[in-house]
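With compact mmCIF, C-alpha atoms inside, this is upload.txt:
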```txt
# COMPACT_ATOMS: atom_id res chain seq x y z
CA MET A 1 18.36 -64.95 37.14
CA ALA A 2 15.23 -67.11 37.16
CA GLU A 3 13.64 -64.60 34.80
CA HIS A 4 16.15 -65.76 32.18
CA TYR A 5 15.44 -69.48 32.28
CA ARG A 6 13.38 -70.72 29.30
CA ARG A 7 13.79 -67.41 27.46
CA ALA A 8 13.25 -67.75 23.70
CA PRO A 9 16.30 -66.98 21.57
CA HIS A 10 16.52 -63.70 19.69
CA ARG A 11 17.50 -64.34 16.09
CA ASP A 12 18.88 -61.04 14.92
CA HIS A 13 21.82 -60.63 12.60
CA HIS A 14 24.84 -59.75 14.68
CA GLU A 15 28.46 -59.18 13.95
CA SER A 16 30.34 -62.41 13.46
CA VAL A 17 32.52 -63.17 16.45
CA TYR A 18 34.53 -65.83 14.65
CA LYS A 19 37.62 -64.59 12.88
CA ARG A 20 38.32 -66.15 9.51
CA SER A 21 41.75 -67.51 8.88
CA ARG A 22 43.90 -65.57 6.46
CA GLU A 23 45.91 -67.20 3.70
CA PRO A 24 47.85 -69.93 5.50
CA SER A 25 51.54 -69.07 5.53
CA GLY A 26 53.41 -72.08 6.86
CA ASP A 27 50.45 -73.03 9.05
CA GLN A 28 51.79 -75.48 11.63
CA ASN A 29 48.36 -76.88 12.41
CA PRO A 30 47.17 -79.24 9.65
CA HIS A 31 43.74 -79.51 11.27
CA LYS A 32 42.93 -75.83 10.58
CA ARG A 33 40.82 -75.78 7.45
CA HIS A 34 41.39 -72.94 4.99
CA GLY A 35 38.61 -70.39 5.44
CA ALA A 36 37.41 -71.92 8.73
CA ALA A 37 37.04 -69.94 11.94
CA VAL A 38 40.25 -70.31 13.92
CA THR A 39 39.77 -67.82 16.76
CA LEU A 40 36.86 -66.51 18.78
CA ALA A 41 36.65 -62.88 19.87
CA THR A 42 35.99 -62.15 23.54
CA ASN A 43 35.32 -58.41 23.59
CA ARG A 44 32.11 -57.94 25.54
CA GLN A 45 30.38 -55.47 23.19
CA MET A 46 29.94 -58.25 20.64
CA TYR A 47 27.78 -60.25 23.03
CA GLU A 48 25.29 -57.59 24.07
CA ARG A 49 22.39 -59.31 22.32
CA ASN A 50 19.16 -60.56 23.81
CA PHE A 51 19.52 -63.19 26.51
CA PRO A 52 19.77 -66.64 24.88
CA LEU A 53 17.47 -69.54 25.63
CA TYR A 54 18.59 -71.26 28.82
CA LYS A 55 16.25 -73.97 29.99
CA GLN A 56 15.59 -74.51 33.68
CA PRO A 57 18.25 -77.05 34.70
CA VAL A 58 16.89 -80.47 35.70
CA GLU A 59 18.76 -82.71 38.13
CA VAL A 60 19.16 -86.15 36.55
CA GLY A 61 21.25 -87.59 39.37
CA CYS A 62 23.92 -87.03 41.98
CA PHE A 63 26.98 -88.71 43.43
CA SER A 64 29.21 -88.57 46.48
CA LEU A 65 32.96 -88.65 47.05
CA ASP A 66 34.12 -89.92 50.44
CA SER A 67 37.11 -88.93 52.58
CA HIS A 68 39.40 -90.89 50.25
CA ARG A 69 37.81 -89.57 47.01
CA ASN A 70 36.00 -92.87 46.39
CA PHE A 71 32.95 -92.53 44.12
CA PHE A 72 29.45 -93.51 45.31
CA ASN A 73 26.39 -93.31 43.08
CA ASP A 74 24.21 -91.84 45.86
CA HIS A 75 23.71 -88.82 48.12
CA ARG A 76 25.51 -90.03 51.26
CA GLN A 77 27.58 -86.80 51.40
CA MET A 78 24.54 -84.51 51.18
CA ARG A 79 24.44 -81.95 53.99
CA TYR A 80 21.63 -79.81 55.37
CA TYR A 81 21.71 -76.06 55.91
CA VAL A 82 21.17 -74.86 59.47
CA GLN A 83 20.37 -71.15 59.76
CA PRO A 84 22.93 -69.57 62.12
CA SER A 85 22.11 -66.79 64.58
CA LYS A 86 21.99 -63.20 63.33
CA CYS A 87 25.55 -62.38 64.44
CA PRO A 88 27.27 -65.75 64.61
CA GLU A 89 30.91 -64.75 65.23
CA PHE A 90 32.20 -68.01 63.73
CA ASN A 91 35.97 -68.31 64.08
CA LEU A 92 37.06 -69.60 60.67
CA ARG A 93 40.65 -70.15 61.82
CA ASP A 94 39.61 -72.80 64.33
CA GLY A 95 40.91 -76.27 63.47
CA TYR A 96 43.24 -75.18 60.66
CA THR A 97 46.37 -76.53 62.35
CA ASP A 98 44.94 -79.67 63.96
CA ARG A 99 41.61 -80.73 62.36
CA PHE A 100 42.12 -80.25 58.63
CA ILE A 101 42.67 -82.90 55.95
CA LYS A 102 43.34 -81.14 52.66
CA ARG A 103 42.72 -82.72 49.29
CA ASP A 104 45.83 -82.93 47.13
CA ASP A 105 45.00 -80.39 44.42
CA GLY A 106 48.04 -81.52 42.45
CA VAL A 107 46.15 -84.73 41.56
CA LYS A 108 44.15 -84.07 38.39
CA GLU A 109 40.96 -86.15 38.31
CA ARG A 110 39.72 -84.65 35.05
CA LEU A 111 36.19 -85.85 34.25
CA ASP A 112 36.63 -89.29 35.84
CA HIS A 113 33.99 -89.04 38.59
CA LEU A 114 31.39 -87.66 36.19
CA LEU A 115 32.22 -90.40 33.67
CA LYS A 116 31.66 -93.03 36.38
CA TRP A 117 28.26 -91.48 37.06
CA ILE A 118 27.40 -91.61 33.33
CA LEU A 119 28.27 -95.31 33.06
CA ALA A 120 26.04 -96.09 36.04
CA ASN A 121 23.13 -93.89 34.88
CA ARG A 122 22.96 -93.89 31.08
CA ASP A 123 19.24 -94.61 31.13
CA LYS A 124 18.59 -91.42 33.11
CA ILE A 125 20.21 -89.29 30.40
CA GLN A 126 18.93 -90.91 27.22
CA ASN A 127 15.30 -90.94 28.32
CA ARG A 128 15.32 -87.19 28.82
CA ASP A 129 15.26 -86.35 25.11
CA GLN A 130 13.39 -88.59 22.74
CA THR A 131 14.13 -86.32 19.78
CA SER A 132 17.90 -86.55 20.04
CA SER A 133 19.66 -87.79 16.94
CA SER A 134 20.75 -91.42 16.98
CA SER A 135 24.32 -90.31 16.21
CA LEU A 136 24.57 -89.07 19.82
CA VAL A 137 25.29 -92.04 22.06
CA LEU A 138 24.31 -90.08 25.18
CA GLY A 139 21.79 -87.70 23.59
CA VAL A 140 23.72 -84.59 24.70
CA ASP A 141 26.13 -82.28 22.88
CA PHE A 142 28.48 -81.52 25.78
CA VAL A 143 29.65 -83.19 28.99
CA THR A 144 31.75 -81.15 31.43
CA TRP A 145 32.09 -79.77 34.95
CA ARG A 146 30.10 -76.72 36.02
CA GLY A 147 33.34 -75.01 37.05
CA HIS A 148 34.65 -75.17 33.48
CA LEU A 149 31.48 -73.49 32.18
CA THR A 150 31.76 -70.85 34.94
CA LYS A 151 35.20 -69.91 33.58
CA VAL A 152 33.76 -69.59 30.09
CA LEU A 153 30.84 -67.43 31.30
CA THR A 154 33.11 -64.97 33.09
CA THR A 155 35.71 -64.74 30.28
CA PRO A 156 34.50 -61.42 28.74
CA TYR A 157 35.15 -59.73 32.10
CA GLU A 158 38.23 -61.62 33.32
CA THR A 159 41.44 -59.57 33.31
CA HIS A 160 43.88 -61.76 35.29
CA GLU A 161 43.56 -65.50 34.73
CA GLY A 162 43.57 -67.30 31.39
CA TRP A 163 42.44 -70.88 30.82
CA LEU A 164 43.09 -74.05 28.83
CA LEU A 165 40.15 -76.31 27.97
CA ALA A 166 40.70 -79.67 26.30
CA ALA A 167 37.85 -80.97 24.11
CA SER A 168 37.42 -84.43 22.59
CA LYS A 169 34.48 -85.83 20.66
CA PHE A 170 33.34 -89.37 21.42
CA GLY A 171 30.04 -90.92 20.38
CA GLY A 172 28.93 -87.58 18.95
CA THR A 173 29.28 -85.83 22.32
CA VAL A 174 32.02 -83.29 23.03
CA TYR A 175 33.69 -83.74 26.42
CA ILE A 176 35.42 -80.67 27.88
CA SER A 177 38.07 -80.93 30.61
CA GLU A 178 40.26 -78.18 32.03
CA VAL A 179 44.04 -78.28 31.79
CA GLU A 180 45.98 -76.37 34.43
CA THR A 181 47.82 -73.39 32.96
CA GLU A 182 51.48 -72.78 33.80
CA ALA A 183 50.48 -69.58 35.63
CA ALA A 184 47.87 -71.43 37.73
CA ARG A 185 50.37 -74.17 38.58
CA THR A 186 52.94 -71.59 39.66
CA ASP A 187 50.33 -69.80 41.81
CA ARG A 188 49.27 -73.10 43.40
CA GLU A 189 52.82 -74.15 44.21
CA LYS A 190 53.79 -70.73 45.59
CA ARG A 191 50.74 -70.01 47.75
CA SER A 192 51.60 -68.25 50.99
CA GLU A 193 50.59 -69.69 54.37
CA ARG A 194 48.01 -66.90 54.70
CA GLN A 195 46.50 -67.82 51.29
CA GLU A 196 46.39 -71.51 52.26
CA GLU A 197 44.62 -70.66 55.52
CA MET A 198 42.11 -68.36 53.82
CA MET A 199 41.18 -71.19 51.46
CA TYR A 200 40.42 -73.28 54.55
CA TRP A 201 38.10 -70.57 55.88
CA GLY A 202 35.51 -71.25 53.20
CA TYR A 203 35.33 -74.95 54.13
CA LYS A 204 35.23 -74.10 57.84
CA PHE A 205 32.25 -71.81 57.23
CA GLU A 206 30.43 -74.76 55.65
CA GLN A 207 31.12 -76.82 58.77
CA TYR A 208 29.52 -74.14 60.97
CA ALA A 209 26.43 -73.93 58.74
CA CYS A 210 25.77 -77.58 57.78
CA ALA A 211 24.50 -80.72 59.49
CA ASP A 212 24.94 -84.28 58.24
CA GLY A 213 21.27 -85.21 58.84
CA VAL A 214 17.98 -83.47 58.13
CA ASP A 215 17.37 -82.91 61.89
CA GLY A 216 21.03 -82.69 62.86
CA THR A 217 23.15 -79.85 64.18
CA PRO A 218 26.50 -78.61 62.86
CA ASP A 219 29.67 -80.02 64.44
CA PRO A 220 32.33 -77.28 64.30
CA GLY A 221 34.58 -79.39 66.54
CA GLY A 222 34.93 -82.07 63.86
CA VAL A 223 37.55 -82.53 61.15
CA VAL A 224 37.34 -80.53 57.90
CA ASN A 225 38.16 -82.98 55.09
CA THR A 226 38.10 -81.38 51.64
CA ASN A 227 38.22 -84.75 49.89
CA GLU A 228 34.53 -85.20 50.70
CA ALA A 229 32.00 -83.87 48.20
CA PHE A 230 28.40 -84.11 47.12
CA CYS A 231 27.78 -83.37 43.43
CA THR A 232 24.63 -82.75 41.44
CA VAL A 233 24.37 -83.80 37.78
CA VAL A 234 22.08 -81.57 35.72
CA GLN A 235 20.82 -81.51 32.19
CA THR A 236 19.80 -78.33 30.40
CA ARG A 237 20.02 -76.53 27.08
CA LEU A 238 21.77 -73.27 26.16
CA ALA A 239 20.51 -72.06 22.76
CA ASP A 240 20.84 -75.23 20.65
CA HIS A 241 23.48 -76.88 22.88
CA LYS A 242 22.28 -79.80 24.99
CA LEU A 243 24.40 -79.85 28.15
CA LEU A 244 25.10 -82.44 30.84
CA PHE A 245 27.31 -81.16 33.63
CA SER A 246 28.09 -81.75 37.27
CA GLY A 247 29.03 -79.43 40.09
CA GLU A 248 29.68 -79.67 43.80
CA VAL A 249 26.78 -78.65 46.06
CA ASP A 250 27.38 -77.34 49.59
CA CYS A 251 24.04 -78.25 51.14
CA ARG A 252 20.24 -78.24 50.78
CA VAL A 253 17.46 -76.69 52.83
CA SER A 254 15.97 -79.15 55.31
CA ASP A 255 12.28 -78.15 54.98
CA ALA A 256 10.11 -81.14 54.09
CA ASP A 257 8.13 -79.00 51.62
CA ALA A 258 11.21 -77.69 49.79
CA PRO A 259 11.08 -77.82 45.97
CA PRO A 260 12.93 -80.66 44.21
CA ALA A 261 16.63 -80.34 43.42
CA PRO A 262 18.33 -78.22 42.25
CA ALA A 263 15.86 -75.60 43.60
CA CYS A 264 16.42 -76.77 47.21
CA TYR A 265 20.21 -76.32 47.09
CA VAL A 266 22.16 -73.60 48.89
CA GLU A 267 25.60 -72.26 47.97
CA LEU A 268 27.75 -71.10 50.92
CA LYS A 269 30.34 -68.36 50.47
CA THR A 270 32.66 -66.22 52.57
CA SER A 271 33.90 -62.75 51.72
CA ALA A 272 35.67 -59.88 53.42
CA GLU A 273 33.31 -57.56 55.31
CA ILE A 274 32.27 -54.50 53.32
CA CYS A 275 33.11 -51.23 55.07
CA THR A 276 33.41 -48.66 52.25
CA PRO A 277 31.55 -47.82 49.02
CA LYS A 278 34.66 -48.84 47.05
CA GLN A 279 34.65 -52.28 48.70
CA ARG A 280 30.94 -52.68 47.93
CA SER A 281 31.54 -51.72 44.31
CA ASN A 282 34.38 -54.26 44.00
CA PHE A 283 32.19 -56.93 45.61
CA HIS A 284 29.46 -56.27 43.02
CA ARG A 285 31.88 -56.12 40.08
CA TYR A 286 34.12 -59.07 40.74
CA LYS A 287 32.88 -61.45 43.41
CA LEU A 288 29.18 -61.37 42.52
CA LEU A 289 29.99 -62.15 38.88
CA LYS A 290 31.62 -65.45 39.88
CA TRP A 291 28.98 -66.22 42.48
CA TRP A 292 26.16 -65.59 40.00
CA ALA A 293 27.73 -67.67 37.20
CA GLN A 294 28.45 -70.59 39.53
CA SER A 295 24.90 -70.76 40.93
CA PHE A 296 22.89 -69.71 37.88
CA LEU A 297 24.30 -72.50 35.69
CA PRO A 298 22.99 -75.44 37.78
CA GLY A 299 19.88 -73.59 38.97
CA VAL A 300 20.91 -73.08 42.61
CA PRO A 301 18.52 -70.35 43.82
CA GLN A 302 20.24 -68.94 46.89
CA ILE A 303 23.67 -68.04 48.19
CA VAL A 304 24.35 -67.61 51.91
CA ALA A 305 27.32 -65.28 52.40
CA GLY A 306 29.32 -64.99 55.60
CA PHE A 307 31.20 -61.69 55.80
CA ARG A 308 34.41 -61.99 57.82
CA ASP A 309 36.91 -59.62 59.33
CA HIS A 310 40.67 -59.67 58.73
CA ASP A 311 41.15 -62.26 61.47
CA GLY A 312 38.71 -64.74 59.94
CA VAL A 313 35.73 -64.11 62.24
CA VAL A 314 32.30 -64.02 60.55
CA VAL A 315 30.69 -60.76 61.65
CA SER A 316 27.53 -60.79 59.51
CA MET A 317 25.56 -63.02 57.16
CA GLU A 318 23.37 -62.33 54.17
CA THR A 319 21.20 -64.52 51.95
CA ILE A 320 21.40 -63.50 48.29
CA GLN A 321 18.87 -64.79 45.76
CA THR A 322 20.67 -65.76 42.56
CA SER A 323 17.80 -64.27 40.53
CA LYS A 324 18.20 -60.87 42.25
CA ILE A 325 21.93 -60.43 41.59
CA SER A 326 21.31 -58.60 38.30
CA GLN A 327 19.23 -56.07 40.29
CA LEU A 328 21.97 -55.64 42.90
CA ILE A 329 24.54 -54.63 40.28
CA LYS A 330 22.38 -52.54 37.97
CA ASN A 331 23.48 -49.22 39.48
CA GLU A 332 27.18 -50.01 39.09
CA PHE A 333 28.73 -48.04 36.23
CA ASN A 334 29.94 -50.19 33.33
CA CYS A 335 29.35 -53.39 35.28
CA TRP A 336 29.14 -56.98 34.02
CA LYS A 337 25.99 -58.20 32.29
CA PRO A 338 24.51 -61.70 32.57
CA THR A 339 23.43 -61.56 28.91
CA VAL A 340 27.04 -61.02 27.76
CA CYS A 341 28.20 -64.01 29.82
CA MET A 342 25.53 -66.35 28.47
CA ASN A 343 25.86 -65.23 24.85
CA PHE A 344 29.62 -65.66 25.00
CA CYS A 345 29.22 -69.15 26.47
CA SER A 346 26.73 -70.08 23.74
CA ASP A 347 29.03 -68.77 21.00
CA PHE A 348 32.04 -70.52 22.56
CA LEU A 349 30.16 -73.84 22.46
CA SER A 350 29.21 -73.15 18.82
CA PHE A 351 32.88 -72.41 18.09
CA VAL A 352 33.91 -75.69 19.76
CA LYS A 353 31.32 -77.58 17.70
CA SER A 354 32.63 -75.99 14.49
CA VAL A 355 36.21 -77.00 15.33
CA VAL A 356 35.85 -80.41 17.00
CA LYS A 357 34.80 -82.49 14.02
CA GLU A 358 36.71 -85.76 14.36
CA ASP A 359 35.05 -88.35 16.61
CA ASP A 360 38.07 -89.82 18.40
CA PRO A 361 38.59 -89.90 22.18
CA ARG A 362 42.37 -89.87 21.69
CA LEU A 363 42.29 -86.61 19.73
CA VAL A 364 42.28 -83.42 21.81
CA TYR A 365 41.46 -79.93 20.60
CA LEU A 366 43.08 -77.62 23.15
CA PHE A 367 41.30 -74.26 23.44
CA THR A 368 43.46 -71.48 24.86
CA TRP A 369 42.52 -68.08 26.19
CA ASP A 370 44.49 -65.30 27.86
CA PRO A 371 43.05 -61.95 29.00
CA HIS A 372 42.64 -59.38 26.22
CA ARG A 373 43.17 -62.07 23.57
CA ASP A 374 40.94 -64.17 21.33
CA VAL A 375 40.22 -67.84 22.03
CA SER A 376 42.43 -70.03 19.81
CA TYR A 377 43.13 -73.74 19.60
CA THR A 378 45.70 -76.40 18.74
CA VAL A 379 45.22 -80.09 17.94
CA HIS A 380 46.96 -82.97 19.73
CA ARG A 381 46.76 -86.73 19.14
CA ASP A 382 47.80 -89.27 21.80
CA SER A 383 49.32 -86.48 23.90
CA GLN A 384 49.52 -85.63 27.59
CA TYR A 385 46.24 -83.74 27.08
CA SER A 386 44.16 -86.86 26.37
CA PHE A 387 41.63 -87.22 29.18
CA ILE A 388 38.92 -89.72 28.20
CA PRO A 389 40.02 -92.96 29.86
CA GLU A 390 40.13 -96.29 28.10
CA TRP A 391 37.81 -97.89 30.68
CA TYR A 392 35.12 -95.36 29.80
CA VAL A 393 35.53 -95.77 26.03
CA LYS A 394 35.38 -99.55 26.32
CA GLU A 395 32.35 -99.59 28.62
CA LEU A 396 30.36 -97.02 26.63
CA ARG A 397 31.00 -98.95 23.42
CA SER A 398 29.82 -102.24 24.94
CA PRO A 399 26.16 -102.98 24.15
CA SER A 400 25.44 -104.14 27.72
CA SER A 401 26.67 -100.94 29.39
CA SER A 402 23.23 -99.33 29.52
CA HIS A 403 21.94 -102.07 31.81
CA HIS A 404 24.26 -101.34 34.76
```
I'd like the structure from this file rewritten - as structure tokens, please.
Amino acid sequence: MAEHYRRAPHRDHHESVYKRSREPSGDQNPHKRHGAAVTLATNRQMYERNFPLYKQPVEVGCFSLDSHRNFFNDHRQMRYYVQPSKCPEFNLRDGYTDRFIKRDDGVKERLDHLLKWILANRDKIQNRDQTSSSSLVLGVDFVTWRGHLTKVLTTPYETHEGWLLAASKFGGTVYISEVETEAARTDREKRSERQEEMMYWGYKFEQYACADGVDGTPDPGGVVNTNEAFCTVVQTRLADHKLLFSGEVDCRVSDADAPPAPACYVELKTSAEICTPKQRSNFHRYKLLKWWAQSFLPGVPQIVAGFRDHDGVVVSMETIQTSKISQLIKNEFNCWKPTVCMNFCSDFLSFVKSVVKEDDPRLVYLFTWDPHRDVSYTVHRDSQYSFIPEWYVKELRSPSSSHH
């Protein structure tokens, strides 16, 4: 959606999407102020306004995680896209039983890797915005993962999976970290062997399409280790919200004349082959929504999709420009709209700002959403939801921390 970057905001009067609290009757939450907005509506019609301002994301840094999830403030895990043949016939099942090291997704890392990057690169953030108010230690309103924002963007159209997002304010910046819902934990712990293997297929596809060096070739005979990651850190602005977020990047194009990051990045995806009009419609309605949100946010311009058969063999490939996805779906009846996603995200961040007033890293405002419901919140002090670590608080408060 490149046509939507840098778009000026439309300032019309629209229906309020915050719901005002009624007379408190035994309100269990002392932090809810009388008359303040306590829930946020998610029905999509309320967000069909003009597309909000979304500035072209700028990469301010990157980091790598090695095979043991150790953090490195560099791009050692960057990979390079190698264009496969027209009909590659990649076997995505290969190596699942004997060359696969799976990250333990029961270990919750929260924002820790991103916070390590911030401590090592504070000068890169602060210098980006000379006009930022001195009350903001980092000069940004929000710090989070791209994946958390993707969930917010797709909320008006999501009908199955709810979410929990913990928010804490520290140094004037609101940090947002996801909390696993009970339903998600149950799904994770009860995944079938087929589901586990299909999750592997996406990583295996990356191995077929990526090389470790700019002139290298892919090594599909190697080990797939999902602990390894390369992450971009971008800065941008959505309406009046200054954002700093990080997201994993699959690879970059290897051309020497490629544009600077994030415009040189490529997202790799797998999906079931499309054989019927109904399957194509479902692909447009559901899968492309998530693909678009995930790549549009950090400014990744292209998605390479490998379409696979039931047995996990890639039978065709297609390159999809992120900016053309809105054109691909425009003939679908009652389909999702990028403008609704971005306006909802902007209003959600405004809602968070209106609620998260107290500057205290040990205080968590837990925002909850379930399909067909409004977004609501509860407040927790020194609870299991706290996620900003003491080492980060201490280091950011120390006057010498900006010189690391």
Counting all atoms listed in the file, the residue of A:Phe333, A:Phe100, A:Phe245, A:Trp163 that sits nearest A:Thr232: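 Looking only at the distances to A:Thr232, the closest residue turns out to be A:Phe245.
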Kindly provide the residues of stretch 252-331 of chain A that approach stretch 45-67 of chain A to within 9 Å, each paired with its closest atom pair and their distance in Å to one decimal, based on all atoms listed in the file, listed by chain and increasing number, as CSV.
```
residue,atom,partner,partner_atom,distance
A:Pro260,CA,A:Glu59,CA,8.7
A:Ala261,CA,A:Glu59,CA,6.2
A:Pro262,CA,A:Glu59,CA,6.1
A:Leu297,CA,A:Pro57,CA,7.6
A:Pro298,CA,A:Pro57,CA,5.9
A:Gly299,CA,A:Pro57,CA,5.7
```
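The neighbours of A:Thr150 here are the residues that come within 8 Å of it, using all atoms listed in the file and leaving out any residue fewer than 2 positions away in the same chain; they are Arg146, Gly147, His148, Val152, Leu153, Thr154, Lys290, Ala293, Gln294 and Leu297 of chain A.
Excluding A:Arg93 and any residue on its chain fewer than 6 positions from it, the residues at most 9 Å away by only C-alpha atoms are Glu197, Met198, Tyr200, Trp201, Lys204, Asp311, Gly312 and Val313 of chain A.
Minimum distance to A:Ser271 across A:Phe170, A:Phe72, A:Tyr175, A:Phe205 (counting all atoms listed in the file) occurs at A:Phe205.
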Give me, please, the distance in Å between atom CA of A:Met78 and atom CA of A:Cys251, quoted to one decimal. 6.3 Å
Interatomic distance (Å, one decimal) between atom CA of A:Glu189 and atom CA of A:Arg69: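 Value for the atom CA of A:Glu189-atom CA of A:Arg69 distance: 21.7 Å.
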Within 12 Å of A:Arg79, counting all atoms listed in the file, which residues show up once you throw out same-chain ones fewer than 6 positions away? Write them as a PyMOL selection string, please. chain A and resi 64+206-219+228-231+248-254+264-268
Separation of atom CA of A:Pro399 and atom CA of A:Lys169, in Å?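 Separating atom CA of A:Pro399 from atom CA of A:Lys169 is a distance of 19.4 Å.
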Residue contacts of stretch 305-309 of chain A (6 Å, only C-alpha atoms) excluding same-chain residues fewer than 4 positions away, as an MDAnalysis selection string: chainID A and resid 269:273 313:318
Contact residues around A:Asn43 with all atoms listed in the file at 9 Å, ignoring same-chain residues under 6 positions, as a ChimeraX atom specification: /A:156-157,372-374
Residues as selected, C-alpha atoms, written as an mmCIF file, keeping the file's coordinate frame, can you do that?
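Contents of out-v6.cif, freshly written:
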```cif
data_model
loop_
_atom_site.group_PDB
_atom_site.id
_atom_site.type_symbol
_atom_site.label_atom_id
_atom_site.label_comp_id
_atom_site.auth_asym_id
_atom_site.auth_seq_id
_atom_site.Cartn_x
_atom_site.Cartn_y
_atom_site.Cartn_z
ATOM 1 C CA PRO A 156 34.500 -61.420 28.740
ATOM 2 C CA TYR A 157 35.150 -59.730 32.100
ATOM 3 C CA HIS A 372 42.640 -59.380 26.220
ATOM 4 C CA ARG A 373 43.170 -62.070 23.570
ATOM 5 C CA ASP A 374 40.940 -64.170 21.330
#
```
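Using only C-alpha atoms for every distance, the candidate list A:Val137, A:Val179, A:Lys86, A:Ala239 yields A:Val179 as the residue closest to A:Gln384.
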Which residue gives the smallest distance to A:Glu109 among A:Val143, A:Glu395, A:Asp359, A:Ile388, with all atoms listed in the file counted?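 The answer is A:Ile388, which sits nearest to A:Glu109.
Considering only C-alpha atoms, the residue among A:Ser346, A:Thr144, A:Gln321, A:Asn331 positioned nearest to A:Arg285 is A:Asn331.
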Would you mind telling me which residue in A:Glu390, A:Asp370, A:Glu178, A:Asp255 lies nearest to A:Ala166 when using all atoms listed in the file? A:Glu178
